[in-house]
>>> print(open('final_12.cif').read())   # mmCIF, C-alpha atoms and all ligand atoms
data_start
#
loop_
_atom_site.label_atom_id
_atom_site.label_comp_id
_atom_site.auth_asym_id
_atom_site.auth_seq_id
_atom_site.Cartn_x
_atom_site.Cartn_y
_atom_site.Cartn_z
CA MET A 1 -25.75 17.09 11.89
CA ASN A 2 -22.14 16.17 11.57
CA THR A 3 -19.94 19.25 11.78
CA ILE A 4 -16.54 17.60 11.48
CA LEU A 5 -16.55 17.49 7.70
CA PRO A 6 -16.78 20.79 5.81
CA SER A 7 -19.06 21.46 2.89
CA ASP A 8 -17.80 19.49 -0.11
CA PRO A 9 -19.37 17.83 -3.16
CA ALA A 10 -18.39 14.39 -1.78
CA ARG A 11 -19.49 14.99 1.80
CA ASP A 12 -22.99 13.51 1.72
CA ASP A 13 -21.82 10.37 -0.06
CA VAL A 14 -19.01 9.86 2.42
CA LEU A 15 -21.32 10.17 5.42
CA ALA A 16 -23.89 7.85 3.83
CA GLY A 17 -21.23 5.23 3.00
CA ARG A 18 -21.81 5.59 -0.77
CA PRO A 19 -18.93 5.17 -3.23
CA THR A 20 -17.62 8.56 -4.26
CA LEU A 21 -14.60 10.59 -5.29
CA TRP A 22 -13.24 13.36 -3.09
CA LEU A 23 -10.81 15.88 -4.56
CA ASN A 24 -8.24 17.27 -2.16
CA PRO A 25 -8.69 21.08 -2.19
CA SER A 26 -5.12 21.48 -0.84
CA TYR A 27 -3.65 19.53 -3.74
CA ARG A 28 -0.73 21.43 -5.27
CA LYS A 29 0.30 20.48 -8.69
CA GLN A 30 3.26 22.81 -8.67
CA ALA A 31 6.51 21.74 -7.06
CA ILE A 32 5.90 20.88 -3.47
CA ASP A 33 8.23 22.25 -0.84
CA THR A 34 9.48 19.25 1.11
CA SER A 35 11.76 21.28 3.39
CA ASP A 36 9.38 21.12 6.34
CA LEU A 37 8.35 17.50 5.78
CA PRO A 38 9.80 14.58 7.76
CA VAL A 39 10.98 12.91 4.52
CA SER A 40 12.73 14.20 1.40
CA PRO A 41 13.42 13.03 -2.15
CA ALA A 42 17.02 12.34 -1.04
CA ASP A 43 15.61 9.82 1.46
CA VAL A 44 13.95 7.97 -1.43
CA GLN A 45 17.32 7.76 -3.15
CA SER A 46 18.98 6.37 -0.06
CA ALA A 47 16.17 3.84 0.41
CA ARG A 48 16.93 2.55 -3.08
CA GLN A 49 20.57 2.23 -2.12
CA SER A 50 19.66 0.38 1.07
CA TRP A 51 17.53 -2.07 -0.88
CA ARG A 52 20.49 -2.66 -3.20
CA ARG A 53 22.86 -3.16 -0.27
CA LEU A 54 20.48 -5.69 1.31
CA ALA A 55 19.82 -7.60 -1.93
CA PRO A 56 22.56 -10.26 -1.57
CA LEU A 57 21.29 -11.04 1.93
CA LEU A 58 17.68 -11.20 0.74
CA ALA A 59 18.70 -13.65 -1.99
CA GLU A 60 20.45 -15.76 0.64
CA CYS A 61 17.38 -15.81 2.94
CA PHE A 62 14.68 -16.28 0.31
CA PRO A 63 15.40 -18.78 -2.49
CA GLU A 64 12.55 -17.28 -4.55
CA LEU A 65 14.69 -14.13 -4.94
CA LYS A 66 17.68 -15.87 -6.50
CA ASP A 67 16.52 -15.01 -10.04
CA THR A 68 16.36 -11.29 -9.35
CA GLY A 69 19.56 -11.17 -7.31
CA GLY A 70 17.61 -10.37 -4.16
CA GLU A 71 15.36 -7.70 -5.60
CA ILE A 72 11.70 -7.76 -4.56
CA ARG A 73 9.90 -6.70 -7.72
CA SER A 74 6.44 -7.00 -9.24
CA GLU A 75 5.30 -7.13 -12.82
CA LEU A 76 3.65 -4.34 -14.75
CA VAL A 77 0.75 -6.13 -16.46
CA GLU A 78 -1.08 -4.68 -19.44
CA LEU A 79 -4.87 -4.79 -19.20
CA LYS A 80 -6.39 -6.75 -22.06
CA GLU A 81 -9.58 -8.76 -21.47
CA LEU A 82 -9.91 -7.09 -18.08
CA ARG A 83 -9.86 -3.71 -19.79
CA GLU A 84 -12.93 -4.70 -21.80
CA ALA A 85 -14.66 -6.11 -18.74
CA LEU A 86 -14.07 -2.93 -16.76
CA GLY A 87 -15.46 -0.81 -19.58
CA TYR A 88 -12.15 0.95 -20.24
CA ARG A 89 -11.98 -0.04 -23.90
CA THR A 90 -12.23 3.40 -25.51
CA ARG A 91 -9.27 5.62 -26.36
CA GLU A 92 -10.06 8.21 -23.70
CA PHE A 93 -8.82 5.69 -21.11
CA GLY A 94 -5.27 5.88 -22.45
CA ASN A 95 -2.84 3.23 -21.23
CA VAL A 96 -3.99 1.06 -18.35
CA PHE A 97 -1.72 -1.28 -16.38
CA ILE A 98 -1.85 -3.35 -13.25
CA LYS A 99 1.16 -3.07 -10.96
CA ALA A 100 0.94 -6.58 -9.57
CA ASP A 101 2.18 -6.26 -5.99
CA SER A 102 -0.41 -8.97 -5.36
CA HIS A 103 2.33 -11.31 -6.58
CA LEU A 104 5.33 -9.84 -4.82
CA PRO A 105 7.66 -12.57 -3.63
CA VAL A 106 8.33 -13.18 0.09
CA ALA A 107 5.06 -11.75 1.45
CA GLY A 108 2.46 -11.83 -1.35
CA SER A 109 1.47 -8.20 -0.83
CA ILE A 110 2.77 -4.64 -1.00
CA LYS A 111 3.95 -5.17 2.60
CA ALA A 112 6.97 -7.00 1.17
CA ARG A 113 8.23 -3.51 0.28
CA GLY A 114 7.79 -2.19 3.83
CA GLY A 115 7.94 -4.84 6.54
CA VAL A 116 10.79 -6.82 4.99
CA TYR A 117 12.78 -3.62 4.49
CA GLU A 118 12.44 -2.42 8.08
CA VAL A 119 13.25 -5.82 9.62
CA PHE A 120 16.35 -6.25 7.46
CA LEU A 121 17.56 -2.72 8.22
CA PHE A 122 17.10 -3.41 11.91
CA ALA A 123 19.11 -6.63 11.62
CA GLU A 124 21.88 -4.73 9.84
CA SER A 125 22.09 -2.02 12.51
CA LEU A 126 21.97 -4.55 15.34
CA ALA A 127 24.80 -6.52 13.75
CA ARG A 128 26.89 -3.36 13.38
CA GLN A 129 26.30 -2.29 16.98
CA ASN A 130 27.43 -5.71 18.14
CA GLY A 131 30.60 -5.71 16.06
CA LEU A 132 29.30 -8.48 13.85
CA LEU A 133 29.35 -6.50 10.63
CA GLY A 134 32.22 -4.14 9.92
CA ASP A 135 32.46 -1.53 7.17
CA GLY A 136 32.66 -3.11 3.75
CA GLU A 137 31.98 -6.61 5.06
CA ASP A 138 29.74 -9.02 3.14
CA ILE A 139 26.12 -8.39 4.17
CA ARG A 140 25.48 -12.14 3.88
CA LYS A 141 27.23 -12.48 7.23
CA LEU A 142 23.79 -11.71 8.65
CA ALA A 143 22.63 -15.13 7.50
CA THR A 144 25.30 -17.03 9.44
CA GLU A 145 24.77 -19.01 12.67
CA GLU A 146 26.67 -16.37 14.60
CA ALA A 147 24.23 -13.68 13.50
CA ARG A 148 21.21 -15.88 14.08
CA SER A 149 22.32 -16.49 17.61
CA LEU A 150 22.52 -12.71 18.20
CA PHE A 151 19.11 -12.14 16.60
CA SER A 152 17.47 -14.92 18.59
CA GLY A 153 17.85 -12.79 21.72
CA HIS A 154 15.63 -10.10 20.18
CA THR A 155 11.96 -9.93 19.34
CA VAL A 156 10.43 -8.03 16.45
CA ALA A 157 6.84 -6.96 17.17
CA VAL A 158 4.12 -5.36 15.08
CA GLY A 159 0.39 -4.59 15.10
CA SER A 160 -1.48 -5.56 11.95
CA THR A 161 -4.75 -6.30 10.20
CA GLY A 162 -2.92 -9.22 8.60
CA ASN A 163 -0.50 -8.51 5.78
CA LEU A 164 2.01 -6.37 7.65
CA GLY A 165 2.13 -9.09 10.30
CA LEU A 166 2.79 -11.66 7.58
CA SER A 167 5.57 -9.63 6.04
CA VAL A 168 7.28 -8.70 9.33
CA GLY A 169 6.83 -12.22 10.74
CA ILE A 170 8.27 -13.89 7.65
CA ALA A 171 11.23 -11.50 7.50
CA ALA A 172 11.98 -11.71 11.22
CA ARG A 173 11.86 -15.52 11.33
CA ALA A 174 14.02 -15.80 8.22
CA LEU A 175 16.82 -14.03 10.12
CA GLY A 176 16.28 -15.95 13.35
CA PHE A 177 14.51 -13.26 15.40
CA LYS A 178 11.63 -14.05 17.69
CA ALA A 179 8.47 -12.38 16.38
CA THR A 180 5.20 -11.25 17.93
CA VAL A 181 2.28 -10.09 15.82
CA HIS A 182 -0.67 -8.32 17.40
CA MET A 183 -3.60 -8.94 15.10
CA SER A 184 -6.76 -6.87 14.95
CA SER A 185 -10.14 -8.59 14.92
CA ASP A 186 -10.23 -8.20 11.11
CA ALA A 187 -7.29 -10.54 10.56
CA LYS A 188 -8.16 -13.59 8.50
CA ALA A 189 -7.65 -17.00 10.11
CA TRP A 190 -5.31 -18.22 7.37
CA LYS A 191 -2.90 -15.35 8.01
CA VAL A 192 -2.81 -16.26 11.71
CA GLU A 193 -2.25 -19.94 10.85
CA ARG A 194 0.52 -19.22 8.43
CA LEU A 195 2.41 -17.13 10.99
CA ARG A 196 2.01 -19.67 13.78
CA LYS A 197 3.49 -22.33 11.50
CA LEU A 198 6.56 -20.10 11.11
CA GLY A 199 6.94 -19.94 14.88
CA VAL A 200 5.52 -16.42 15.25
CA ASP A 201 3.70 -15.61 18.47
CA VAL A 202 0.32 -14.29 17.30
CA ILE A 203 -1.82 -12.35 19.76
CA GLN A 204 -5.38 -11.89 18.55
CA HIS A 205 -7.13 -8.81 19.86
CA GLU A 206 -10.88 -8.48 19.95
CA ALA A 207 -10.34 -4.90 18.89
CA ASP A 208 -9.62 -2.83 15.83
CA TYR A 209 -6.27 -2.18 14.25
CA THR A 210 -5.53 1.07 16.10
CA THR A 211 -6.03 -0.66 19.46
CA ALA A 212 -3.91 -3.66 18.42
CA VAL A 213 -1.08 -1.28 17.51
CA GLU A 214 -1.39 0.63 20.80
CA ASN A 215 -1.17 -2.62 22.77
CA ALA A 216 1.84 -3.77 20.82
CA ARG A 217 3.58 -0.41 21.29
CA ASP A 218 2.98 -0.38 25.08
CA ILE A 219 4.42 -3.87 25.50
CA ALA A 220 7.46 -3.05 23.35
CA ASP A 221 8.12 0.23 25.21
CA ALA A 222 8.54 -1.71 28.45
CA ASP A 223 11.04 -4.23 27.08
CA PRO A 224 14.38 -3.26 25.48
CA THR A 225 14.71 -6.62 23.70
CA ILE A 226 11.61 -5.86 21.62
CA TYR A 227 11.94 -3.88 18.41
CA PHE A 228 8.58 -2.45 17.43
CA VAL A 229 7.69 -1.83 13.79
CA ASP A 230 5.39 1.14 14.22
CA ASP A 231 3.01 1.32 11.28
CA GLU A 232 1.62 4.64 12.53
CA GLN A 233 4.91 6.52 12.41
CA SER A 234 7.65 4.47 10.77
CA ARG A 235 9.90 6.28 8.29
CA HIS A 236 11.55 2.99 7.36
CA LEU A 237 8.28 1.43 6.24
CA PHE A 238 7.35 4.55 4.31
CA LEU A 239 10.70 4.78 2.54
CA GLY A 240 10.81 1.04 1.84
CA TYR A 241 7.56 1.48 -0.08
CA SER A 242 8.79 4.64 -1.81
CA ALA A 243 11.45 2.70 -3.74
CA ALA A 244 8.66 1.05 -5.76
CA ALA A 245 8.34 4.24 -7.81
CA SER A 246 11.71 3.86 -9.51
CA GLU A 247 10.83 0.27 -10.37
CA LEU A 248 7.66 1.55 -12.04
CA ALA A 249 9.61 4.29 -13.83
CA SER A 250 11.99 1.80 -15.42
CA GLN A 251 9.11 -0.49 -16.42
CA LEU A 252 7.32 2.38 -18.15
CA ASP A 253 10.56 3.34 -19.80
CA GLU A 254 11.08 -0.21 -21.10
CA ARG A 255 7.67 -0.02 -22.72
CA GLY A 256 8.49 3.28 -24.35
CA ILE A 257 5.93 5.17 -22.28
CA THR A 258 6.82 8.77 -21.59
CA ILE A 259 5.48 10.68 -18.62
CA ASP A 260 5.57 14.46 -19.02
CA GLU A 261 3.44 17.59 -19.30
CA GLU A 262 1.48 16.12 -22.22
CA ASN A 263 1.33 12.53 -20.93
CA PRO A 264 0.12 12.44 -17.32
CA LEU A 265 0.38 9.48 -14.96
CA PHE A 266 -2.36 8.38 -12.53
CA LEU A 267 -1.79 6.06 -9.60
CA TYR A 268 -4.64 4.29 -7.76
CA LEU A 269 -3.42 3.05 -4.40
CA PRO A 270 -5.43 1.03 -1.85
CA CYS A 271 -5.05 2.73 1.53
CA GLY A 272 -5.21 1.46 5.10
CA ILE A 273 -3.19 3.56 7.49
CA GLY A 274 -1.59 5.30 4.53
CA GLY A 275 2.04 4.14 4.75
CA ALA A 276 2.12 1.94 1.67
CA PRO A 277 0.17 4.22 -0.69
CA GLY A 278 1.78 7.33 0.80
CA GLY A 279 5.27 5.92 0.36
CA VAL A 280 4.63 4.92 -3.25
CA ALA A 281 3.01 8.30 -4.01
CA PHE A 282 5.90 10.18 -2.42
CA GLY A 283 8.45 8.16 -4.37
CA ALA A 284 6.50 8.83 -7.56
CA LYS A 285 6.35 12.59 -6.88
CA ALA A 286 10.11 12.55 -6.42
CA ILE A 287 10.50 11.09 -9.92
CA PHE A 288 7.59 12.42 -11.97
CA GLY A 289 6.86 15.69 -10.14
CA ASP A 290 3.73 17.50 -11.36
CA HIS A 291 3.01 14.90 -14.00
CA VAL A 292 1.84 12.22 -11.59
CA HIS A 293 -1.50 12.35 -9.78
CA ALA A 294 -1.87 9.92 -6.87
CA PHE A 295 -5.30 8.83 -5.67
CA PHE A 296 -5.95 6.63 -2.66
CA VAL A 297 -8.88 4.21 -2.51
CA GLU A 298 -10.61 3.14 0.70
CA PRO A 299 -13.67 1.07 1.70
CA VAL A 300 -16.88 3.08 2.09
CA GLN A 301 -16.97 2.32 5.83
CA SER A 302 -13.22 2.79 6.46
CA PRO A 303 -12.21 5.92 4.57
CA CYS A 304 -9.82 7.12 7.27
CA ALA A 305 -7.51 9.13 5.01
CA LEU A 306 -10.49 10.69 3.27
CA VAL A 307 -12.30 11.85 6.42
CA HIS A 308 -9.17 13.08 8.14
CA MET A 309 -7.81 14.99 5.18
CA MET A 310 -11.24 16.33 4.25
CA SER A 311 -11.76 17.57 7.81
CA GLY A 312 -8.68 19.78 7.59
CA SER A 313 -8.27 19.17 11.32
CA GLN A 314 -4.92 19.28 13.14
CA GLU A 315 -6.10 16.42 15.37
CA LEU A 316 -6.60 13.04 13.73
CA VAL A 317 -10.22 12.39 12.81
CA SER A 318 -11.35 8.75 12.71
CA VAL A 319 -14.13 7.14 10.71
CA TYR A 320 -16.02 6.54 13.97
CA ASP A 321 -16.02 10.30 14.59
CA VAL A 322 -18.22 10.77 11.52
CA GLY A 323 -20.52 7.82 12.25
CA LEU A 324 -18.97 5.17 10.00
CA THR A 325 -18.39 1.59 11.20
CA ASN A 326 -14.93 0.53 9.93
CA LYS A 327 -16.57 -2.75 8.88
CA THR A 328 -15.18 -4.20 5.67
CA GLU A 329 -14.05 -7.49 4.12
CA ALA A 330 -11.07 -5.65 2.70
CA ASP A 331 -8.92 -6.43 5.73
CA GLY A 332 -5.82 -4.66 4.36
CA MET A 333 -7.75 -1.40 4.52
CA ALA A 334 -9.78 -1.93 7.72
CA VAL A 335 -8.25 1.05 9.49
CA ALA A 336 -10.27 3.68 11.35
CA ARG A 337 -7.57 6.29 11.86
CA MET A 338 -4.76 7.15 9.47
CA SER A 339 -1.12 7.78 10.31
CA ALA A 340 -0.44 11.37 11.43
CA PHE A 341 2.95 11.15 9.75
CA VAL A 342 1.45 10.20 6.39
CA ALA A 343 -1.30 12.82 6.74
CA LYS A 344 1.33 15.51 7.09
CA VAL A 345 3.40 14.33 4.13
CA MET A 346 0.39 13.87 1.84
CA ARG A 347 -1.46 17.08 2.71
CA GLU A 348 -0.63 18.82 -0.58
CA MET A 349 0.59 15.78 -2.48
CA LEU A 350 -2.54 13.67 -2.59
CA ALA A 351 -4.86 14.36 -5.53
CA GLY A 352 -7.90 12.74 -3.92
CA VAL A 353 -9.52 9.61 -2.52
CA TYR A 354 -12.30 7.46 -3.92
CA THR A 355 -14.26 4.86 -2.01
CA ALA A 356 -15.46 1.37 -2.87
CA ALA A 357 -18.27 -0.83 -1.56
CA ASP A 358 -17.41 -4.37 -0.43
CA ASP A 359 -19.84 -5.98 -2.88
CA ASP A 360 -18.08 -4.25 -5.76
CA LEU A 361 -14.71 -5.46 -4.51
CA PHE A 362 -15.87 -9.08 -4.71
CA LYS A 363 -17.27 -8.55 -8.21
CA LEU A 364 -14.01 -6.94 -9.35
CA LEU A 365 -11.94 -9.69 -7.77
CA ARG A 366 -13.90 -12.27 -9.75
CA MET A 367 -13.64 -10.23 -12.94
CA ALA A 368 -9.83 -9.96 -12.62
CA TRP A 369 -9.60 -13.72 -12.08
CA ILE A 370 -11.90 -14.76 -14.91
CA THR A 371 -10.46 -12.40 -17.51
CA GLN A 372 -6.74 -12.36 -16.79
CA ARG A 373 -6.12 -14.87 -14.00
CA GLN A 374 -5.06 -12.15 -11.62
CA LYS A 375 -5.50 -13.48 -8.11
CA LEU A 376 -6.40 -10.55 -5.89
CA GLU A 377 -7.66 -10.08 -2.37
CA PRO A 378 -10.60 -7.68 -1.90
CA SER A 379 -8.39 -4.74 -0.84
CA ALA A 380 -6.36 -5.00 -4.01
CA ALA A 381 -9.42 -5.14 -6.27
CA ALA A 382 -10.32 -1.60 -5.15
CA ALA A 383 -7.56 -0.22 -7.35
CA LEU A 384 -9.42 -1.30 -10.50
CA LEU A 385 -12.06 1.42 -10.20
CA GLY A 386 -9.72 4.39 -10.47
CA PRO A 387 -10.07 5.22 -14.18
CA ASP A 388 -13.85 4.89 -13.89
CA PHE A 389 -13.90 7.66 -11.28
CA LEU A 390 -11.47 9.88 -13.16
CA LEU A 391 -13.27 9.64 -16.49
CA ARG A 392 -16.91 9.08 -15.60
CA HIS A 393 -17.59 10.58 -12.18
CA LYS A 394 -18.46 14.28 -12.16
CA GLU A 395 -15.70 15.00 -9.64
CA GLY A 396 -13.24 13.17 -11.85
CA ARG A 397 -14.19 15.43 -14.75
CA ARG A 398 -13.87 18.43 -12.46
CA PHE A 399 -10.36 17.22 -11.59
CA GLN A 400 -9.48 17.15 -15.29
CA THR A 401 -10.74 20.70 -15.76
CA LEU A 402 -9.06 22.05 -12.63
CA ASN A 403 -5.76 20.63 -13.80
CA GLY A 404 -6.19 21.47 -17.49
CA ILE A 405 -5.79 17.87 -18.63
CA GLU A 406 -9.13 17.11 -20.36
CA GLU A 407 -7.41 17.02 -23.74
CA LYS A 408 -4.58 14.86 -22.48
CA MET A 409 -6.57 11.97 -21.06
CA SER A 410 -6.21 9.75 -24.14
CA ARG A 411 -2.43 10.04 -23.68
CA ALA A 412 -2.54 9.35 -19.94
CA THR A 413 -1.25 6.22 -18.22
CA HIS A 414 -3.26 4.69 -15.37
CA ILE A 415 -1.63 2.36 -12.87
CA LEU A 416 -3.98 0.14 -10.88
CA TRP A 417 -1.81 -0.86 -7.92
CA THR A 418 -3.10 -4.28 -6.89
CA THR A 419 -1.70 -4.66 -3.40
CA GLY A 420 -2.19 -8.30 -2.38
CA GLY A 421 -3.65 -11.69 -3.15
CA SER A 422 -1.23 -14.40 -4.25
CA PHE A 423 -0.83 -15.83 -0.74
CA VAL A 424 -4.59 -16.31 -0.26
CA PRO A 425 -5.12 -20.07 0.17
CA GLU A 426 -7.04 -21.74 -2.65
CA GLU A 427 -10.03 -22.62 -0.49
CA GLN A 428 -10.37 -19.06 0.76
CA PHE A 429 -10.04 -17.73 -2.77
CA GLN A 430 -12.80 -20.06 -3.97
CA ASN A 431 -14.93 -18.61 -1.18
CA PHE A 432 -14.30 -15.11 -2.48
CA LEU A 433 -15.38 -16.25 -5.96
CA ARG A 434 -18.53 -17.86 -4.59
CA GLN A 435 -19.39 -14.70 -2.68
CA ALA A 436 -18.98 -12.74 -5.91
CA GLU A 437 -21.18 -15.17 -7.85
CA ALA A 438 -23.91 -14.85 -5.23
CA LEU A 439 -23.87 -11.09 -5.88
CA ALA A 440 -24.01 -11.36 -9.64
C1 LIG B 1 -1.61 -2.92 3.96
C2 LIG B 1 -2.38 -3.02 2.74
C3 LIG B 1 -2.88 -1.89 2.12
C4 LIG B 1 -2.73 -0.50 2.65
O1 LIG B 1 -1.47 -0.15 3.19
P1 LIG B 1 -1.37 0.88 4.39
O2 LIG B 1 0.07 1.09 4.61
O3 LIG B 1 -2.03 0.26 5.57
O4 LIG B 1 -2.10 2.10 3.95
C5 LIG B 1 -3.61 -2.07 0.95
N1 LIG B 1 -3.82 -3.29 0.43
C6 LIG B 1 -3.34 -4.40 1.00
C7 LIG B 1 -3.62 -5.74 0.38
C8 LIG B 1 -2.60 -4.31 2.17
O5 LIG B 1 -2.13 -5.41 2.74
#
>>> encode(input="final_12.cif", output="structure tokens")
Amino acid sequence: MNTILPSDPARDDVLAGRPTLWLNPSYRKQAIDTSDLPVSPADVQSARQSWRRLAPLLAECFPELKDTGGEIRSELVELKELREALGYRTREFGNVFIKADSHLPVAGSIKARGGVYEVFLFAESLARQNGLLGDGEDIRKLATEEARSLFSGHTVAVGSTGNLGLSVGIAARALGFKATVHMSSDAKAWKVERLRKLGVDVIQHEADYTTAVENARDIADADPTIYFVDDEQSRHLFLGYSAAASELASQLDERGITIDEENPLFLYLPCGIGGAPGGVAFGAKAIFGDHVHAFFVEPVQSPCALVHMMSGSQELVSVYDVGLTNKTEADGMAVARMSAFVAKVMREMLAGVYTAADDDLFKLLRMAWITQRQKLEPSAAAALLGPDFLLRHKEGRRFQTLNGIEEKMSRATHILWTTGGSFVPEEQFQNFLRQAEALA
């Protein structure tokens, strides 16, 4: 018998690889003390400022950002036909929206909020150190030949299951850096192709994500010209993602949607190592406080945040430790061991985690396409199941009772954070649809 996971209503389902919802027993609704955490709400504020400072440079490097003045934003899409198809028609489901990071410019996934941010911040600090950017000087100087020639002597490296590599590779090459991406065995061929075309050195490991990251880190440690974007412990990535929350807040505001004691907010965030969903959740807590409840979603065979946080262990617990395989088609979430940094930050902030089976992800992907022409990759489709768990699963109903919000559900707002998809090549997307049809 497995003794790593304590007794819990979700335990048997987790171990058997069955979709389920786990409620975090350490979840604190009341104001969380961030004083002993490695990040603070003030850091979220300064990340927003950094994004603003970088915007003119981003607009210079990426023509697709000209319209937004260099801001990397996604749409908040109201569920209509898809709401019917998902069975969320009735009033008790409140407001339901997709936050379409699947269509984020530059990188086509939520990684545009993390990888691009860290690479551009690095470029800025390198330029300052080398006397190329003085106080108050135009940030667009970083797009000049002089800056490119400085950057070309440096390499940006990263380990990835695919999308982080895409985002970091695209950002690094846009500024003239050399780039190396260490891909795990899950990485899809088209992501590798796309990077190679940009002149990125792609190293494919016959190993999982954690091992790819370790390799990349070792190589970078031995070479001072390599800057390593460390997905397992990067504050920059985390804070880059966190700025998404204020974007959401203003979009809700524009629609006249209030979030307060009587009108709770639910976020459903696909989770790999935890940086992207953790950053967004942290940013949202900084804005909405007790009124937002953040849930992660993970594949049934790769629920690394779920098993680690459920274990309550000080040492990181991986999905292999509890007999799961880490095999999934949802490559953005094919991670066996979560970030220790994110685990610490989310310990009392995460409401829970639900899991999704690969077959369901394909069906949901097809449903989103047919009903509302939302092009998603399997990882992103996992977000669509959140309201189902909260309203129909017995643990979801227990969550409502525990938090005294049963009567408020019809006034709640659910955000299905669809994390990637628009960059998937047409042929590959048609394959996803065919796989889904075969399941129907
Ligand atoms: C990376 C990614 C995630 C998860 O982000 P983490 O920071 O690894 O937790 C979810 N969905 C997609 C499509 C991704 O690319």
>>> residues_near_ligand(input="final_12.cif", ligand="ligand LIG 1 (chain B)", cutoff="8 Å", atoms="all atoms listed in the file", output="number ranges by chain")
A: 102, 109-111, 161-164, 231, 269-278, 330-333, 335, 338, 377-380, 418-421
>>> closest_atom_pairs(input="final_12.cif", of="stretch 266-342 of chain A", to="stretch 26-42 of chain A", cutoff="7 Å", atoms="all atoms listed in the file", output="CSV")
residue,atom,partner,partner_atom,distance
A:Ala286,CA,A:Pro41,CA,5.4
A:Gly289,CA,A:Ala31,CA,6.8
A:Asp290,CA,A:Lys29,CA,5.3
>>> atom_distance(input="final_12.cif", atom1="atom CA of A:Ile226", atom2="atom CA of A:Trp190")
25.3 Å
>>> residues_near_point(input="final_12.cif", point="(0.7, -17.8, -2.9)", cutoff="9 Å", atoms="all atoms listed in the file", output="PyMOL selection string")
chain A and resi 103+105+107-108+421-426
>>> atom_distance(input="final_12.cif", atom1="atom CA of A:Ala440", atom2="atom CA of A:Tyr88")
20.1 Å
>>> residues_around(input="final_12.cif", residues="A:Val14", least_positions_apart="6", cutoff="9 Å", atoms="all atoms listed in the file", output="VMD selection string")
chain A and resid 20 to 22 300 to 301 303 306 to 307 324 355
>>> axis_aligned_box(input="final_12.cif", around="stretch 105-112 of chain A", padding_each_side="4 Å", output="JSON")
{"center_x": 4.9, "center_y": -8.9, "center_z": -0.5, "size_x": 14.9, "size_y": 16.5, "size_z": 14.2}
>>> decode(input="final_12.cif", residues="stretch 147-182 of chain A", atoms="C-alpha atoms", output="PDB file, in the first residue's frame")
ATOM      1  CA  ALA A 147      22.566  45.986 -28.693  1.00  0.00           C
ATOM      2  CA  ARG A 148      22.165  42.983 -30.956  1.00  0.00           C
ATOM      3  CA  SER A 149      25.894  42.707 -31.262  1.00  0.00           C
ATOM      4  CA  LEU A 150      26.203  42.650 -27.442  1.00  0.00           C
ATOM      5  CA  PHE A 151      23.406  40.075 -27.116  1.00  0.00           C
ATOM      6  CA  SER A 152      24.874  37.832 -29.805  1.00  0.00           C
ATOM      7  CA  GLY A 153      27.735  37.001 -27.431  1.00  0.00           C
ATOM      8  CA  HIS A 154      25.263  35.499 -24.949  1.00  0.00           C
ATOM      9  CA  THR A 155      23.116  32.402 -24.975  1.00  0.00           C
ATOM     10  CA  VAL A 156      19.713  32.050 -23.352  1.00  0.00           C
ATOM     11  CA  ALA A 157      18.962  28.440 -22.369  1.00  0.00           C
ATOM     12  CA  VAL A 158      15.884  26.680 -21.033  1.00  0.00           C
ATOM     13  CA  GLY A 159      14.459  23.209 -20.404  1.00  0.00           C
ATOM     14  CA  SER A 160      10.929  22.652 -21.671  1.00  0.00           C
ATOM     15  CA  THR A 161       8.164  20.269 -22.662  1.00  0.00           C
ATOM     16  CA  GLY A 162       7.606  22.587 -25.626  1.00  0.00           C
ATOM     17  CA  ASN A 163       5.836  25.876 -25.036  1.00  0.00           C
ATOM     18  CA  LEU A 164       8.321  27.497 -22.673  1.00  0.00           C
ATOM     19  CA  GLY A 165      11.041  26.639 -25.178  1.00  0.00           C
ATOM     20  CA  LEU A 166       8.979  28.284 -27.919  1.00  0.00           C
ATOM     21  CA  SER A 167       8.420  31.424 -25.912  1.00  0.00           C
ATOM     22  CA  VAL A 168      12.017  31.776 -24.678  1.00  0.00           C
ATOM     23  CA  GLY A 169      13.448  30.857 -28.088  1.00  0.00           C
ATOM     24  CA  ILE A 170      11.263  33.355 -29.937  1.00  0.00           C
ATOM     25  CA  ALA A 171      12.021  36.146 -27.459  1.00  0.00           C
ATOM     26  CA  ALA A 172      15.759  35.459 -27.359  1.00  0.00           C
ATOM     27  CA  ARG A 173      16.135  35.328 -31.147  1.00  0.00           C
ATOM     28  CA  ALA A 174      14.072  38.490 -31.579  1.00  0.00           C
ATOM     29  CA  LEU A 175      16.719  40.371 -29.578  1.00  0.00           C
ATOM     30  CA  GLY A 176      19.671  38.677 -31.265  1.00  0.00           C
ATOM     31  CA  PHE A 177      20.686  36.256 -28.500  1.00  0.00           C
ATOM     32  CA  LYS A 178      21.811  32.737 -29.222  1.00  0.00           C
ATOM     33  CA  ALA A 179      19.289  30.285 -27.768  1.00  0.00           C
ATOM     34  CA  THR A 180      19.411  26.665 -26.650  1.00  0.00           C
ATOM     35  CA  VAL A 181      16.286  24.732 -25.757  1.00  0.00           C
ATOM     36  CA  HIS A 182      16.503  21.389 -23.982  1.00  0.00           C
TER      37      HIS A 182
END
